[in-house]
Amino acid sequence: MFSKELNFGDLARRLDAATEMPADLWPRIAQAHAVRRRRRIRIRVAGAMVFVLGVAGSFLLLPQSPAGTDWQARAQALEIELRSFPADIGDPAAREARSGLERVDNALQSAYDRGARANELVPLWKERSELLSTLLAVRQQSASITRI
Amino acid sequence: MNAAPDPGTGFAQDVEAMMLARAQRGDMQAFAALYERFGRPCFSLALRMLGQRQSAEDLVQEVFLKMIDTIRSYRGDAPFGAWLKRLTVNACIDHLRRQRGGSEDGAEAQLAHLAGDSGETSTMVDAWSLLARLPPRARAVLVLHEFEGYTHSELAELFGQSESYSKSILARALGRLNALVTARPLEQVTLCSPKS
């Protein structure tokens, strides 16, 4: 048998005894780890910055959403514009809009008196703007008919 | 014919749960302690399998960096030393695969070529050159089978080959070593470190 000529256990011990460990191997491994770690951190930071810039860019590029509309300012602008037209008489749509405006104005007044918050006031201003838009459309149409 | 797994390689050492927990939290001092314990067996195994000191150093670095990256996934199903040994063996086999001429055909051809080379004399043999005179894959098969106790079934899985492949390579490698040492007892074999 081959094992009679060569004892692998003995050979392994001889090989181990003759093996000199490199003295600076662990410092090299720790250094390589530190370099890789710094590189990973830089990649993560760069990725996070790209993400943040992308999100910020999309907010800047997208048109302002309806949720961001200042309905109170819009209502006031419509009211000013409405004054440049003669009063509407007898139009059912205008009558309905004026009735709605009266109801909304009362609700607004009541809400301000209670010290209501924006989540209650904003929908009322929005409704007021929409009613004023309707009224303005009626008056614009009447004006154009009168000119004809 | 297999030698029992050699406890001298040091992979059989126990690791305290506290040290493992610290390492899994990324504590570099714990990693340094693990290197202190397992660096030598890891280097020794890599050196035996690869036969070149510089390659073995690079491989130990690769294995410990991988260990640092993956130790959180170590669940303790096997002893830590066995897990690290597996990382080392896999890295060595990957290294051999990347080497030019490390194919299975290459190993067979190189062994056949060596068998026909009768010009060497055993008086020139030392412990490291015994291994160095084998082709890389043959050396790896022999080291894993004879020194580390791997079975042919395990070797077949590791190398992605059949059991008959590793049996054939091992038989030829043993024949080659036998021819080298028969004229001189092992006790007279010179010991020296492999060249860098």
# chains A, B, ... in the order shown; residues from 1 in each chain; ligands from 1
>>> select_by_dssp(residues="chain A", states="helix (DSSP H, G or I)", output="ChimeraX atom specification")
/A:2-4,8-17,25-61,66-68,71-82,92-114,118-147
>>> write_last_selection(atoms="C-alpha atoms", output="compact mmCIF listing (two decimals), in the first residue's frame")
# COMPACT_ATOMS: atom_id res chain seq x y z
CA PHE A 2 1.10 3.54 -0.69
CA SER A 3 0.46 4.64 2.89
CA LYS A 4 3.41 2.52 3.99
CA PHE A 8 0.07 12.10 5.02
CA GLY A 9 -0.52 12.99 8.66
CA ASP A 10 3.21 13.24 9.15
CA LEU A 11 3.65 15.12 5.90
CA ALA A 12 0.90 17.58 6.93
CA ARG A 13 2.70 18.28 10.22
CA ARG A 14 5.96 18.80 8.35
CA LEU A 15 4.29 21.16 5.91
CA ASP A 16 2.69 23.12 8.76
CA ALA A 17 6.01 23.37 10.56
CA LEU A 25 -1.43 39.93 6.27
CA TRP A 26 -4.08 41.01 8.80
CA PRO A 27 -3.21 44.73 8.54
CA ARG A 28 -3.54 44.37 4.76
CA ILE A 29 -6.93 42.66 5.12
CA ALA A 30 -8.15 45.33 7.57
CA GLN A 31 -6.92 48.07 5.22
CA ALA A 32 -8.64 46.46 2.22
CA HIS A 33 -11.85 46.17 4.26
CA ALA A 34 -11.66 49.85 5.25
CA VAL A 35 -11.15 50.89 1.62
CA ARG A 36 -14.10 48.78 0.45
CA ARG A 37 -16.27 50.12 3.27
CA ARG A 38 -15.47 53.74 2.40
CA ARG A 39 -16.21 53.04 -1.25
CA ARG A 40 -19.57 51.46 -0.37
CA ILE A 41 -20.47 54.43 1.84
CA ARG A 42 -19.60 56.84 -0.99
CA ILE A 43 -21.75 54.83 -3.41
CA ARG A 44 -24.67 54.83 -0.94
CA VAL A 45 -24.36 58.57 -0.30
CA ALA A 46 -24.19 59.26 -4.04
CA GLY A 47 -27.24 57.05 -4.58
CA ALA A 48 -29.18 58.83 -1.84
CA MET A 49 -28.24 62.23 -3.32
CA VAL A 50 -29.38 61.16 -6.79
CA PHE A 51 -32.66 59.97 -5.28
CA VAL A 52 -33.22 63.22 -3.35
CA LEU A 53 -32.34 65.33 -6.40
CA GLY A 54 -34.68 63.24 -8.53
CA VAL A 55 -37.55 63.69 -6.12
CA ALA A 56 -36.88 67.43 -5.79
CA GLY A 57 -36.64 67.76 -9.57
CA SER A 58 -39.91 65.99 -10.12
CA PHE A 59 -41.61 68.39 -7.70
CA LEU A 60 -40.17 71.36 -9.55
CA LEU A 61 -41.01 70.07 -13.01
CA PRO A 66 -54.88 71.30 -7.23
CA ALA A 67 -54.24 70.63 -3.55
CA GLY A 68 -51.75 73.51 -3.61
CA TRP A 71 -58.76 79.02 -3.41
CA GLN A 72 -59.29 82.12 -1.29
CA ALA A 73 -57.05 84.23 -3.58
CA ARG A 74 -58.71 82.71 -6.63
CA ALA A 75 -62.16 83.58 -5.29
CA GLN A 76 -61.11 87.16 -4.65
CA ALA A 77 -59.67 87.48 -8.18
CA LEU A 78 -62.88 86.11 -9.71
CA GLU A 79 -64.93 88.55 -7.66
CA ILE A 80 -62.93 91.48 -9.03
CA GLU A 81 -63.32 90.19 -12.56
CA LEU A 82 -67.05 89.68 -12.01
CA PRO A 92 -81.65 80.36 -13.73
CA ALA A 93 -77.99 79.25 -13.60
CA ALA A 94 -76.94 82.63 -12.21
CA ARG A 95 -79.74 82.53 -9.68
CA GLU A 96 -78.66 79.11 -8.51
CA ALA A 97 -75.03 80.26 -8.27
CA ARG A 98 -75.96 83.34 -6.24
CA SER A 99 -78.00 81.16 -3.90
CA GLY A 100 -75.04 78.87 -3.46
CA LEU A 101 -72.74 81.81 -2.85
CA GLU A 102 -75.00 83.07 -0.10
CA ARG A 103 -75.00 79.64 1.56
CA VAL A 104 -71.20 79.34 1.29
CA ASP A 105 -70.64 82.90 2.62
CA ASN A 106 -72.75 82.08 5.66
CA ALA A 107 -70.84 78.85 6.20
CA LEU A 108 -67.53 80.70 5.89
CA GLN A 109 -68.59 83.34 8.35
CA SER A 110 -69.73 80.72 10.80
CA ALA A 111 -66.48 78.79 10.35
CA TYR A 112 -64.33 81.88 10.97
CA ASP A 113 -66.40 82.70 14.04
CA ARG A 114 -65.70 79.23 15.42
CA ALA A 118 -57.80 75.16 7.17
CA ASN A 119 -59.13 71.67 6.51
CA GLU A 120 -62.67 73.10 6.97
CA LEU A 121 -62.10 76.50 5.36
CA VAL A 122 -60.29 75.40 2.16
CA PRO A 123 -63.21 73.31 0.80
CA LEU A 124 -65.57 76.27 1.39
CA TRP A 125 -63.27 78.69 -0.47
CA LYS A 126 -62.97 76.14 -3.27
CA GLU A 127 -66.74 75.87 -3.56
CA ARG A 128 -67.03 79.67 -3.52
CA SER A 129 -64.48 79.91 -6.39
CA GLU A 130 -66.39 77.36 -8.43
CA LEU A 131 -69.68 79.20 -7.92
CA LEU A 132 -68.06 82.50 -8.87
CA SER A 133 -66.64 80.83 -12.01
CA THR A 134 -70.15 79.72 -12.94
CA LEU A 135 -71.53 83.18 -12.34
CA LEU A 136 -68.71 84.76 -14.36
CA ALA A 137 -69.36 82.37 -17.25
CA VAL A 138 -73.05 83.35 -17.26
CA ARG A 139 -72.25 87.06 -17.24
CA GLN A 140 -69.61 86.67 -20.00
CA GLN A 141 -72.15 84.83 -22.14
CA SER A 142 -74.83 87.50 -21.51
CA ALA A 143 -72.34 90.24 -22.39
CA SER A 144 -71.45 88.60 -25.69
CA ILE A 145 -75.13 88.16 -26.60
CA THR A 146 -75.81 91.82 -25.78
CA ARG A 147 -72.93 92.93 -28.03
>>> residues_around(residues="Val89 (chain B)", least_positions_apart="4", cutoff="10 Å", atoms="only C-alpha atoms", output="CSV table (one decimal) with C-alpha atoms, in the first residue's frame")
chain,number,residue,atom,x,y,z
B,42,CYS,CA,-6.5,29.1,6.2
B,45,LEU,CA,-4.7,25.1,3.3
B,46,ALA,CA,-4.5,27.7,0.6
B,49,MET,CA,-3.8,23.7,-2.6
B,63,VAL,CA,-11.6,34.7,2.2
B,84,LEU,CA,-14.6,29.1,7.1
B,85,LYS,CA,-12.8,26.0,5.7
B,93,ILE,CA,-11.3,25.9,-6.4
B,94,ASP,CA,-12.5,29.1,-8.0
B,95,HIS,CA,-8.9,30.3,-8.2
B,140,ALA,CA,-6.0,20.2,-4.9
B,144,LEU,CA,-8.5,17.8,0.1
B,158,LEU,CA,-16.8,20.7,-5.4
>>> atom_distance(atom1="CA of Glu163 (chain B)", atom2="CA of Arg137 (chain B)")
14.4 Å
>>> residues_around(residues="Gln24 (chain B)", least_positions_apart="3", cutoff="6 Å", atoms="only C-alpha atoms", output="PDB file with C-alpha atoms, in the first residue's frame")
ATOM      1  CA  ALA B  21     -21.814  37.833  18.177  1.00  0.00           C
ATOM      2  CA  ILE B  71     -20.690  36.424   8.733  1.00  0.00           C
ATOM      3  CA  ARG B  72     -24.172  37.779   9.488  1.00  0.00           C
TER       4      ARG B  72
END
